[in-house]
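With PDB, C-alpha atoms and all ligand atoms inside, this is my_file_33.pdb:
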MODEL        1
ATOM      1  CA  MET O   1       5.798 -13.363 -27.403
ATOM      2  CA  SER O   2       7.148  -9.905 -26.684
ATOM      3  CA  THR O   3      10.669  -9.939 -27.983
ATOM      4  CA  GLY O   4      11.157  -6.210 -27.620
ATOM      5  CA  THR O   5      12.297  -3.747 -30.212
ATOM      6  CA  GLY O   6      14.408  -1.379 -28.179
ATOM      7  CA  THR O   7      18.159  -1.047 -28.269
ATOM      8  CA  GLY O   8      20.611  -0.530 -25.450
ATOM      9  CA  THR O   9      20.752  -1.789 -21.897
ATOM     10  CA  ALA O  10      18.263  -0.774 -19.230
ATOM     11  CA  LEU O  11      19.910  -2.702 -16.393
ATOM     12  CA  ALA O  12      23.500  -3.926 -16.196
ATOM     13  CA  VAL O  13      24.469  -5.890 -13.084
ATOM     14  CA  ARG O  14      28.134  -6.889 -12.832
ATOM     15  CA  GLY O  15      29.730  -9.198 -10.286
ATOM     16  CA  LEU O  16      27.188  -8.268  -7.618
ATOM     17  CA  THR O  17      27.721  -9.700  -4.148
ATOM     18  CA  VAL O  18      25.327  -8.905  -1.301
ATOM     19  CA  ARG O  19      25.599 -10.295   2.227
ATOM     20  CA  TYR O  20      23.390  -9.876   5.269
ATOM     21  CA  ARG O  21      25.968 -10.424   8.014
ATOM     22  CA  GLU O  22      27.044 -14.063   7.506
ATOM     23  CA  THR O  23      24.311 -14.867   4.926
ATOM     24  CA  VAL O  24      25.401 -14.593   1.312
ATOM     25  CA  ALA O  25      22.260 -13.576  -0.600
ATOM     26  CA  LEU O  26      23.923 -12.863  -3.957
ATOM     27  CA  GLU O  27      27.361 -13.869  -5.128
ATOM     28  CA  ASP O  28      29.071 -12.568  -8.254
ATOM     29  CA  VAL O  29      25.789 -12.022 -10.085
ATOM     30  CA  THR O  30      26.016 -10.630 -13.597
ATOM     31  CA  LEU O  31      22.957 -10.012 -15.765
ATOM     32  CA  ASP O  32      21.522  -7.570 -18.285
ATOM     33  CA  VAL O  33      18.042  -6.426 -19.146
ATOM     34  CA  GLY O  34      17.856  -4.791 -22.537
ATOM     35  CA  ALA O  35      15.740  -1.775 -23.377
ATOM     36  CA  GLY O  36      12.397  -2.980 -24.685
ATOM     37  CA  GLN O  37      12.891  -6.405 -23.139
ATOM     38  CA  ALA O  38      11.133  -8.466 -20.481
ATOM     39  CA  CYS O  39      13.394 -10.762 -18.487
ATOM     40  CA  GLY O  40      12.167 -13.450 -16.110
ATOM     41  CA  LEU O  41      13.928 -14.111 -12.811
ATOM     42  CA  VAL O  42      13.429 -17.607 -11.444
ATOM     43  CA  GLY O  43      14.709 -19.099  -8.217
ATOM     44  CA  MET O  44      13.568 -20.991  -5.159
ATOM     45  CA  ASN O  45      12.629 -19.301  -1.885
ATOM     46  CA  GLY O  46      15.617 -17.521  -0.419
ATOM     47  CA  SER O  47      17.649 -17.625  -3.642
ATOM     48  CA  GLY O  48      18.195 -13.854  -3.654
ATOM     49  CA  LYS O  49      15.544 -12.498  -6.039
ATOM     50  CA  SER O  50      14.140  -9.835  -3.700
ATOM     51  CA  THR O  51      17.658  -8.879  -2.663
ATOM     52  CA  LEU O  52      18.521  -8.255  -6.302
ATOM     53  CA  PHE O  53      15.482  -5.994  -6.747
ATOM     54  CA  ARG O  54      16.161  -4.161  -3.507
ATOM     55  CA  THR O  55      19.758  -3.554  -4.525
ATOM     56  CA  VAL O  56      18.719  -2.166  -7.908
ATOM     57  CA  VAL O  57      16.400   0.368  -6.232
ATOM     58  CA  GLY O  58      19.004   1.317  -3.643
ATOM     59  CA  LEU O  59      17.377  -0.232  -0.567
ATOM     60  CA  VAL O  60      20.233  -2.672   0.002
ATOM     61  CA  ARG O  61      23.944  -1.963  -0.316
ATOM     62  CA  ALA O  62      26.211  -4.338  -2.236
ATOM     63  CA  GLN O  63      29.545  -5.544  -0.872
ATOM     64  CA  ALA O  64      31.015  -5.939  -4.353
ATOM     65  CA  GLY O  65      30.148  -5.397  -7.988
ATOM     66  CA  SER O  66      28.151  -2.714  -9.731
ATOM     67  CA  VAL O  67      24.645  -1.876 -10.865
ATOM     68  CA  GLU O  68      24.040   0.477 -13.767
ATOM     69  CA  VAL O  69      20.497   1.609 -14.489
ATOM     70  CA  LEU O  70      19.694   3.282 -17.809
ATOM     71  CA  GLY O  71      23.322   4.232 -18.213
ATOM     72  CA  GLY O  72      23.652   5.864 -14.777
ATOM     73  CA  SER O  73      23.937   5.029 -11.109
ATOM     74  CA  VAL O  74      21.231   3.600  -8.869
ATOM     75  CA  ALA O  75      21.030   6.943  -7.040
ATOM     76  CA  GLN O  76      20.548   8.878 -10.284
ATOM     77  CA  ALA O  77      17.834   6.481 -11.445
ATOM     78  CA  ARG O  78      16.118   6.786  -8.093
ATOM     79  CA  ALA O  79      16.177  10.587  -8.188
ATOM     80  CA  ARG O  80      14.636  10.551 -11.668
ATOM     81  CA  GLY O  81      12.003   7.992 -10.706
ATOM     82  CA  ALA O  82      13.317   5.890 -13.583
ATOM     83  CA  VAL O  83      12.778   2.546 -11.859
ATOM     84  CA  GLY O  84       9.358   1.338 -10.792
ATOM     85  CA  TYR O  85       9.356  -1.347  -8.105
ATOM     86  CA  VAL O  86       6.448  -3.583  -7.236
ATOM     87  CA  PRO O  87       7.516  -5.356  -4.048
ATOM     88  CA  GLN O  88       6.366  -8.812  -3.081
ATOM     89  CA  GLN O  89       5.274  -7.818   0.389
ATOM     90  CA  ASP O  90       3.122  -4.793   0.204
ATOM     91  CA  ASP O  91       4.496  -1.854   2.107
ATOM     92  CA  LEU O  92       1.076  -0.335   2.696
ATOM     93  CA  ASP O  93      -0.192   0.255   6.196
ATOM     94  CA  ARG O  94      -3.735  -1.085   6.091
ATOM     95  CA  ASP O  95      -4.888   1.072   8.995
ATOM     96  CA  PHE O  96      -3.583   4.267   7.465
ATOM     97  CA  PRO O  97      -6.515   6.266   6.045
ATOM     98  CA  VAL O  98      -5.305   6.682   2.474
ATOM     99  CA  SER O  99      -7.322   5.944  -0.634
ATOM    100  CA  VAL O 100      -6.330   3.809  -3.597
ATOM    101  CA  ARG O 101      -5.925   7.014  -5.619
ATOM    102  CA  ASP O 102      -3.564   8.475  -2.972
ATOM    103  CA  VAL O 103      -1.356   5.385  -3.120
ATOM    104  CA  VAL O 104      -1.169   5.419  -6.914
ATOM    105  CA  LEU O 105      -0.396   9.151  -6.818
ATOM    106  CA  MET O 106       2.758   8.298  -4.796
ATOM    107  CA  GLY O 107       4.166   7.054  -8.105
ATOM    108  CA  ARG O 108       4.081  10.687  -9.279
ATOM    109  CA  TYR O 109       5.831  12.238  -6.253
ATOM    110  CA  HIS O 110       9.209  12.573  -7.969
ATOM    111  CA  ARG O 111       7.537  14.816 -10.589
ATOM    112  CA  MET O 112       5.400  16.874  -8.231
ATOM    113  CA  GLY O 113       7.975  18.934  -6.355
ATOM    114  CA  PRO O 114       7.939  19.664  -2.638
ATOM    115  CA  THR O 115       4.286  20.781  -2.499
ATOM    116  CA  ARG O 116       3.148  17.423  -3.854
ATOM    117  CA  ARG O 117       0.175  19.094  -5.455
ATOM    118  CA  ALA O 118      -1.316  16.959  -8.223
ATOM    119  CA  ARG O 119      -1.529  18.627 -11.624
ATOM    120  CA  PRO O 120      -3.910  17.531 -14.404
ATOM    121  CA  ASP O 121      -1.129  15.367 -15.882
ATOM    122  CA  ASP O 122      -0.767  13.567 -12.549
ATOM    123  CA  ASP O 123      -4.531  13.033 -12.236
ATOM    124  CA  ARG O 124      -4.621  11.691 -15.766
ATOM    125  CA  ALA O 125      -1.706   9.313 -15.176
ATOM    126  CA  VAL O 126      -3.326   7.985 -11.991
ATOM    127  CA  ALA O 127      -6.684   7.439 -13.697
ATOM    128  CA  GLU O 128      -5.022   5.689 -16.634
ATOM    129  CA  ALA O 129      -2.937   3.455 -14.377
ATOM    130  CA  LEU O 130      -6.004   2.410 -12.385
ATOM    131  CA  ALA O 131      -7.913   1.670 -15.579
ATOM    132  CA  ARG O 132      -5.045  -0.456 -16.912
ATOM    133  CA  VAL O 133      -5.162  -2.709 -13.855
ATOM    134  CA  GLY O 134      -8.976  -2.763 -13.801
ATOM    135  CA  LEU O 135      -9.396  -0.812 -10.555
ATOM    136  CA  GLU O 136     -10.925   2.412 -11.867
ATOM    137  CA  GLY O 137     -14.058   1.810  -9.796
ATOM    138  CA  LEU O 138     -12.101   1.633  -6.525
ATOM    139  CA  ALA O 139     -10.141   4.905  -6.686
ATOM    140  CA  GLY O 140     -11.826   6.356  -3.596
ATOM    141  CA  ARG O 141     -11.686   3.223  -1.450
ATOM    142  CA  GLN O 142      -9.481   3.104   1.608
ATOM    143  CA  ILE O 143      -6.458   0.907   0.990
ATOM    144  CA  GLY O 144      -7.166  -1.257   4.043
ATOM    145  CA  ARG O 145     -10.511  -2.290   2.565
ATOM    146  CA  LEU O 146      -9.074  -4.105  -0.443
ATOM    147  CA  SER O 147      -8.393  -7.773  -0.986
ATOM    148  CA  GLY O 148      -4.800  -9.019  -1.282
ATOM    149  CA  GLY O 149      -5.075  -9.349  -5.068
ATOM    150  CA  GLN O 150      -6.546  -5.843  -5.388
ATOM    151  CA  ARG O 151      -3.720  -4.401  -3.265
ATOM    152  CA  GLN O 152      -1.225  -6.155  -5.507
ATOM    153  CA  ARG O 153      -2.782  -4.424  -8.510
ATOM    154  CA  VAL O 154      -2.709  -1.043  -6.721
ATOM    155  CA  LEU O 155       1.069  -1.469  -6.338
ATOM    156  CA  LEU O 156       1.354  -2.179 -10.046
ATOM    157  CA  ALA O 157      -0.797   0.894 -10.810
ATOM    158  CA  ARG O 158       1.550   2.991  -8.625
ATOM    159  CA  ALA O 159       4.518   1.809 -10.697
ATOM    160  CA  LEU O 160       2.625   2.453 -13.953
ATOM    161  CA  ALA O 161       1.711   5.992 -12.886
ATOM    162  CA  GLN O 162       5.408   6.570 -12.307
ATOM    163  CA  GLU O 163       6.005   6.039 -16.057
ATOM    164  CA  ALA O 164       9.289   4.362 -15.192
ATOM    165  CA  ARG O 165      11.485   3.084 -18.012
ATOM    166  CA  LEU O 166      12.515   0.020 -16.002
ATOM    167  CA  LEU O 167       9.963  -1.929 -14.031
ATOM    168  CA  LEU O 168      10.933  -4.488 -11.365
ATOM    169  CA  LEU O 169       8.189  -6.836 -10.247
ATOM    170  CA  ASP O 170       8.650  -9.283  -7.398
ATOM    171  CA  GLU O 171       6.145 -12.144  -7.755
ATOM    172  CA  PRO O 172       3.398  -9.943  -9.240
ATOM    173  CA  PHE O 173       1.146 -12.907 -10.061
ATOM    174  CA  THR O 174       0.966 -14.349  -6.556
ATOM    175  CA  GLY O 175      -2.537 -14.131  -5.168
ATOM    176  CA  LEU O 176      -4.100 -13.028  -8.464
ATOM    177  CA  ASP O 177      -6.981 -14.907 -10.050
ATOM    178  CA  VAL O 178      -6.668 -16.147 -13.631
ATOM    179  CA  MET O 179      -8.311 -13.076 -15.181
ATOM    180  CA  SER O 180      -6.182 -10.635 -13.174
ATOM    181  CA  GLN O 181      -3.059 -12.615 -14.050
ATOM    182  CA  ALA O 182      -3.904 -12.369 -17.744
ATOM    183  CA  ALA O 183      -4.621  -8.636 -17.396
ATOM    184  CA  VAL O 184      -1.299  -7.979 -15.629
ATOM    185  CA  THR O 185       0.584 -10.038 -18.228
ATOM    186  CA  GLU O 186      -1.050  -7.966 -20.962
ATOM    187  CA  VAL O 187      -0.082  -4.681 -19.266
ATOM    188  CA  LEU O 188       3.537  -5.836 -18.988
ATOM    189  CA  ARG O 189       3.556  -6.869 -22.627
ATOM    190  CA  GLU O 190       2.286  -3.417 -23.640
ATOM    191  CA  ILE O 191       5.061  -1.779 -21.628
ATOM    192  CA  VAL O 192       7.699  -3.849 -23.401
ATOM    193  CA  ASP O 193       6.142  -3.240 -26.812
ATOM    194  CA  ALA O 194       6.323   0.504 -26.065
ATOM    195  CA  GLY O 195      10.088   0.210 -25.405
ATOM    196  CA  GLY O 196      10.028  -0.179 -21.609
ATOM    197  CA  SER O 197      11.998  -2.841 -19.755
ATOM    198  CA  VAL O 198      10.746  -5.354 -17.236
ATOM    199  CA  LEU O 199      12.484  -7.682 -14.788
ATOM    200  CA  VAL O 200       9.921  -9.986 -13.217
ATOM    201  CA  SER O 201      10.355 -12.747 -10.680
ATOM    202  CA  THR O 202       7.806 -15.514 -10.617
ATOM    203  CA  HIS O 203       7.271 -19.031  -9.366
ATOM    204  CA  ASP O 204       4.728 -19.499 -12.136
ATOM    205  CA  LEU O 205       6.916 -20.678 -14.995
ATOM    206  CA  SER O 206       3.947 -20.910 -17.358
ATOM    207  CA  VAL O 207       3.835 -17.117 -17.786
ATOM    208  CA  LEU O 208       7.480 -16.868 -18.850
ATOM    209  CA  PRO O 209       7.498 -18.126 -22.463
ATOM    210  CA  ASP O 210       4.715 -15.722 -23.459
ATOM    211  CA  LEU O 211       5.997 -12.705 -21.598
ATOM    212  CA  CYS O 212       9.768 -12.892 -21.321
ATOM    213  CA  SER O 213      12.145 -13.216 -24.255
ATOM    214  CA  ARG O 214      14.976 -13.935 -21.789
ATOM    215  CA  SER O 215      15.182 -15.551 -18.367
ATOM    216  CA  VAL O 216      17.711 -15.858 -15.579
ATOM    217  CA  LEU O 217      17.819 -18.804 -13.173
ATOM    218  CA  LEU O 218      19.187 -17.775  -9.805
ATOM    219  CA  HIS O 219      20.420 -19.577  -6.749
ATOM    220  CA  HIS O 220      22.513 -16.854  -5.101
ATOM    221  CA  ARG O 221      24.585 -17.135  -8.283
ATOM    222  CA  VAL O 222      23.323 -17.090 -11.863
ATOM    223  CA  LEU O 223      22.828 -20.734 -12.833
ATOM    224  CA  ALA O 224      21.682 -20.059 -16.392
ATOM    225  CA  ALA O 225      20.713 -17.033 -18.477
ATOM    226  CA  GLY O 226      19.595 -16.563 -22.052
ATOM    227  CA  PRO O 227      16.550 -16.961 -24.303
ATOM    228  CA  THR O 228      13.706 -18.333 -22.171
ATOM    229  CA  ALA O 229      13.181 -21.446 -24.307
ATOM    230  CA  ASP O 230      16.876 -22.352 -23.961
ATOM    231  CA  VAL O 231      17.034 -21.675 -20.240
ATOM    232  CA  LEU O 232      13.878 -23.423 -18.988
ATOM    233  CA  THR O 233      15.164 -26.956 -19.521
ATOM    234  CA  PRO O 234      14.304 -29.770 -17.083
ATOM    235  CA  ALA O 235      17.980 -30.095 -16.092
ATOM    236  CA  ASN O 236      18.351 -26.350 -15.390
ATOM    237  CA  LEU O 237      15.098 -26.234 -13.431
ATOM    238  CA  ALA O 238      16.147 -29.265 -11.408
ATOM    239  CA  ARG O 239      19.374 -27.459 -10.451
ATOM    240  CA  THR O 240      17.490 -24.244  -9.673
ATOM    241  CA  PHE O 241      14.925 -25.856  -7.412
ATOM    242  CA  GLY O 242      17.132 -28.570  -5.913
ATOM    243  CA  LEU O 243      15.249 -31.410  -7.630
ATOM    244  CA  ASP O 244      16.573 -34.796  -8.662
ATOM    245  CA  PRO O 245      17.895 -34.175 -12.223
ATOM    246  CA  ALA O 246      16.943 -37.702 -13.332
ATOM    247  CA  THR O 247      13.297 -37.542 -12.244
ATOM    248  CA  GLY O 248      12.616 -33.814 -11.816
ATOM    249  CA  ARG O 249      11.186 -34.618  -8.369
ATOM    250  CA  VAL O 250      12.041 -33.731  -4.796
ATOM    251  CA  PRO O 251      14.959 -35.974  -3.712
ATOM    252  CA  THR O 252      14.450 -38.185  -0.667
ATOM    253  CA  ARG O 253      17.031 -38.719   2.063
ATOM    254  CA  GLY O 254      17.742 -42.225   0.785
ATOM    255  CA  GLY O 255      18.828 -40.869  -2.595
ATOM    256  CA  GLY O 256      15.632 -41.620  -4.560
ATOM    257  CA  SER O 257      12.891 -39.158  -5.317
ATOM    258  CA  ARG O 258       9.227 -38.723  -4.500
TER     259      ARG O 258
HETATM  260  N1  LIG G 301      16.966  -8.400   5.910
HETATM  261  C1  LIG G 301      17.605  -9.566   5.905
HETATM  262  N2  LIG G 301      18.455  -9.902   6.897
HETATM  263  C2  LIG G 301      19.126 -11.068   6.902
HETATM  264  N3  LIG G 301      19.001 -12.005   5.928
HETATM  265  C3  LIG G 301      18.160 -11.739   4.914
HETATM  266  C4  LIG G 301      17.421 -10.513   4.845
HETATM  267  N4  LIG G 301      16.671 -10.524   3.708
HETATM  268  C5  LIG G 301      16.926 -11.698   3.120
HETATM  269  N5  LIG G 301      17.815 -12.425   3.827
HETATM  270  C6  LIG G 301      18.375 -13.746   3.450
HETATM  271  O1  LIG G 301      19.013 -13.584   2.183
HETATM  272  C7  LIG G 301      18.721 -14.701   1.336
HETATM  273  C8  LIG G 301      18.015 -14.211   0.086
HETATM  274  O2  LIG G 301      16.725 -13.729   0.447
HETATM  275  P1  LIG G 301      15.731 -13.060  -0.601
HETATM  276  O3  LIG G 301      14.587 -12.483   0.158
HETATM  277  O4  LIG G 301      16.497 -12.162  -1.483
HETATM  278  O5  LIG G 301      15.251 -14.352  -1.448
HETATM  279  P2  LIG G 301      14.049 -14.546  -2.487
HETATM  280  O6  LIG G 301      14.610 -15.307  -3.635
HETATM  281  O7  LIG G 301      13.421 -13.230  -2.787
HETATM  282  O8  LIG G 301      13.046 -15.479  -1.684
HETATM  283  P3  LIG G 301      11.441 -15.689  -1.823
HETATM  284  O9  LIG G 301      11.184 -16.421  -3.114
HETATM  285  O10 LIG G 301      11.118 -16.527  -0.626
HETATM  286  O11 LIG G 301      10.815 -14.320  -1.782
HETATM  287  C9  LIG G 301      17.917 -15.673   2.187
HETATM  288  O12 LIG G 301      18.819 -16.588   2.768
HETATM  289  C10 LIG G 301      17.290 -14.802   3.260
HETATM  290  O13 LIG G 301      17.075 -15.530   4.439
ENDMDL
END

For the file at hand, write its structure as structure tokens.
Amino acid sequence: MSTGTGTGTALAVRGLTVRYRETVALEDVTLDVGAGQACGLVGMNGSGKSTLFRTVVGLVRAQAGSVEVLGGSVAQARARGAVGYVPQQDDLDRDFPVSVRDVVLMGRYHRMGPTRRARPDDDRAVAEALARVGLEGLAGRQIGRLSGGQRQRVLLARALAQEARLLLLDEPFTGLDVMSQAAVTEVLREIVDAGGSVLVSTHDLSVLPDLCSRSVLLHHRVLAAGPTADVLTPANLARTFGLDPATGRVPTRGGGSR
């Protein structure tokens, strides 16, 4: 397990409340991700995981609370390219004629200045990122001609090329085959071992004990947070996913479970 060796806090969320009109997505959420730590984020569909990520990267505005990234504001972190974000839904236009390499190079934009001319360092970072996700052979391929799992790995490569100190990954294992899942897990472990920080949401609880020293269970509010082994209890998971606490199954209307 990667327990992390770093010190300090990479992400500090305090009393965060986010609403979309009448929908409360997050309410009074407080959590920390330490430097050199991987933290799992677990919650059912619609529990607010993506909203949390989008707030941390400045795409969504909070109604209350605060977010501190690497000791500064969200805007400062964004300007420095300090946070890498791998969204759940890919934001890539499949018809747009850009290559895999071009997409990964976007992770370097904050370093490249207004001309956006790639320097040898940028080329090297892109090549390394593609190799780490096993896509080195597809650098020249148009993005629209990739499978869903390959596109997912391109998004991870983009975040790796960014050399961000905090990485946010929204369901990065969805749609990946077993080998790709293992490869992505290994890459994330390497990042943590090198002192980086990772917040990763997943429905696949089996990856958490090996990857994440801490986990947070979310249902708009934080239901439980702490060392992964302490948090992933049947009772906590039942509360998180709305299951019958006695049986761990989906409750029926009559009060039993199936
Ligand atoms: N742009 C939006 N406008 C209005 N409501 C939204 C918007 N985005 C999300 N919501 C609502 O906010 C709540 C939290 O959604 P969010 O996408 O953060 O959940 P999630 O945990 O990431 O879900 P999933 O596991 O399905 O990806 C849900 O009730 C959702 O319907």

Cut-off 10 Å, only C-alpha atoms and all ligand atoms, neighbours of ligand LIG 301 (chain G) as a PyMOL selection string: chain O and resi 18-26+41-55+60+87-89+170-171+201-203+218-220

Just to be explicit: take each residue in the selection above, keep C-alpha atoms, and write the result as a JSON list (two decimals), in the coordinates of the input.
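The file below, result.json, is the result:
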[["chain", "number", "residue", "atom", "x", "y", "z"],
["O", 18, "VAL", "CA", 25.33, -8.90, -1.30],
["O", 19, "ARG", "CA", 25.60, -10.30, 2.23],
["O", 20, "TYR", "CA", 23.39, -9.88, 5.27],
["O", 21, "ARG", "CA", 25.97, -10.42, 8.01],
["O", 22, "GLU", "CA", 27.04, -14.06, 7.51],
["O", 23, "THR", "CA", 24.31, -14.87, 4.93],
["O", 24, "VAL", "CA", 25.40, -14.59, 1.31],
["O", 25, "ALA", "CA", 22.26, -13.58, -0.60],
["O", 26, "LEU", "CA", 23.92, -12.86, -3.96],
["O", 41, "LEU", "CA", 13.93, -14.11, -12.81],
["O", 42, "VAL", "CA", 13.43, -17.61, -11.44],
["O", 43, "GLY", "CA", 14.71, -19.10, -8.22],
["O", 44, "MET", "CA", 13.57, -20.99, -5.16],
["O", 45, "ASN", "CA", 12.63, -19.30, -1.88],
["O", 46, "GLY", "CA", 15.62, -17.52, -0.42],
["O", 47, "SER", "CA", 17.65, -17.62, -3.64],
["O", 48, "GLY", "CA", 18.20, -13.85, -3.65],
["O", 49, "LYS", "CA", 15.54, -12.50, -6.04],
["O", 50, "SER", "CA", 14.14, -9.84, -3.70],
["O", 51, "THR", "CA", 17.66, -8.88, -2.66],
["O", 52, "LEU", "CA", 18.52, -8.26, -6.30],
["O", 53, "PHE", "CA", 15.48, -5.99, -6.75],
["O", 54, "ARG", "CA", 16.16, -4.16, -3.51],
["O", 55, "THR", "CA", 19.76, -3.55, -4.53],
["O", 60, "VAL", "CA", 20.23, -2.67, 0.00],
["O", 87, "PRO", "CA", 7.52, -5.36, -4.05],
["O", 88, "GLN", "CA", 6.37, -8.81, -3.08],
["O", 89, "GLN", "CA", 5.27, -7.82, 0.39],
["O", 170, "ASP", "CA", 8.65, -9.28, -7.40],
["O", 171, "GLU", "CA", 6.14, -12.14, -7.76],
["O", 201, "SER", "CA", 10.36, -12.75, -10.68],
["O", 202, "THR", "CA", 7.81, -15.51, -10.62],
["O", 203, "HIS", "CA", 7.27, -19.03, -9.37],
["O", 218, "LEU", "CA", 19.19, -17.77, -9.80],
["O", 219, "HIS", "CA", 20.42, -19.58, -6.75],
["O", 220, "HIS", "CA", 22.51, -16.85, -5.10]]

Radius query 12 Å about (17.1, -25.3, -8.5), atoms used: all atoms listed in the file, as a PyMOL selection string: chain O and resi 42-47+203+216-224+232-245+248-251

Mind writing the picked residues with C-alpha atoms as a compact mmCIF listing (two decimals), keeping the file's coordinate frame?
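And here is the file that came out, out13.txt:
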# COMPACT_ATOMS: atom_id res chain seq x y z
CA VAL O 42 13.43 -17.61 -11.44
CA GLY O 43 14.71 -19.10 -8.22
CA MET O 44 13.57 -20.99 -5.16
CA ASN O 45 12.63 -19.30 -1.88
CA GLY O 46 15.62 -17.52 -0.42
CA SER O 47 17.65 -17.62 -3.64
CA HIS O 203 7.27 -19.03 -9.37
CA VAL O 216 17.71 -15.86 -15.58
CA LEU O 217 17.82 -18.80 -13.17
CA LEU O 218 19.19 -17.77 -9.80
CA HIS O 219 20.42 -19.58 -6.75
CA HIS O 220 22.51 -16.85 -5.10
CA ARG O 221 24.58 -17.14 -8.28
CA VAL O 222 23.32 -17.09 -11.86
CA LEU O 223 22.83 -20.73 -12.83
CA ALA O 224 21.68 -20.06 -16.39
CA LEU O 232 13.88 -23.42 -18.99
CA THR O 233 15.16 -26.96 -19.52
CA PRO O 234 14.30 -29.77 -17.08
CA ALA O 235 17.98 -30.10 -16.09
CA ASN O 236 18.35 -26.35 -15.39
CA LEU O 237 15.10 -26.23 -13.43
CA ALA O 238 16.15 -29.26 -11.41
CA ARG O 239 19.37 -27.46 -10.45
CA THR O 240 17.49 -24.24 -9.67
CA PHE O 241 14.92 -25.86 -7.41
CA GLY O 242 17.13 -28.57 -5.91
CA LEU O 243 15.25 -31.41 -7.63
CA ASP O 244 16.57 -34.80 -8.66
CA PRO O 245 17.90 -34.17 -12.22
CA GLY O 248 12.62 -33.81 -11.82
CA ARG O 249 11.19 -34.62 -8.37
CA VAL O 250 12.04 -33.73 -4.80
CA PRO O 251 14.96 -35.97 -3.71

Residues selected by the PyMOL selection byres (((chain O and resi 135) around 9) and not hetatm), written as a PyMOL selection string: chain O and resi 100+129-134+136-139+150+153-154+157

Point-to-point distance from atom CA of Ala164 of chain O to atom CA of Gly71 of chain O, Å rounded to tenths: 14.4 Å

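Residues with at least one atom no more than 12 Å from (13.5, 2.2, -2.0), using all atoms listed in the file, are Thr51, Phe53, Arg54, Thr55, Val56, Val57, Gly58, Leu59, Val60, Arg61, Val74, Ala75, Ala77, Arg78, Ala79, Gly81, Val83, Gly84, Tyr85, Val86, Pro87, Asp91 and Leu168 of chain O.
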
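Nearest residue to Ala35 of chain O among O:Ala127, O:Ile191, O:Met112, O:Met106 is O:Ile191, counting only C-alpha atoms.
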
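Distance check against Ala183 of chain O using all atoms listed in the file: of O:Ala125, O:Leu156, O:Ala246, O:Ser215, the minimum falls on O:Leu156.
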
Selected residue, from O:Ala225, O:Ala38, O:Ala10, O:Ile143, that lies nearest to Val198 of chain O when counting only C-alpha atoms: O:Ala38

For Arg165 of chain O, the nearest of the candidates O:Gly140, O:Gly196, O:Gly148, O:Gly72, counting only C-alpha atoms: O:Gly196

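Distances to Val33 of chain O were evaluated for O:Val192, O:Ser213, O:Ser197, O:Ser99 using all atoms listed in the file, and the minimum falls at O:Ser197.
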
Box centre and edge lengths (Å, one decimal), axis-aligned, segment 58-61 of chain O plus 8 Å each side, as lines of an AutoDock Vina configuration file:
center_x = 20.7
center_y = -0.7
center_z = -1.8
size_x = 22.6
size_y = 20.0
size_z = 19.6

Non-local contacts of Val126 of chain O (9 Å; all atoms listed in the file; under 4 positions in same chain excluded) as an NGL selection string: :O and (101 or 104-105 or 107-108 or 121-122 or 130-131 or 157-158 or 160-162)

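Nearest residue to Leu155 of chain O, choosing from O:Asp177, O:Thr115, O:Asp28, O:Asp102 and counting all atoms listed in the file: O:Asp102.
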
Resolved residues for the PyMOL selection byres (((chain O and resi 14) around 8) and not hetatm) as number ranges by chain: O: 12-13, 15-16, 28-31, 65-67

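A straight line drawn from atom CA of Val207 of chain O to atom CA of Phe173 of chain O is 9.2 Å long.
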
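What separates atom CA of Leu188 of chain O from atom CA of Ala82 of chain O is a distance of 16.2 Å.
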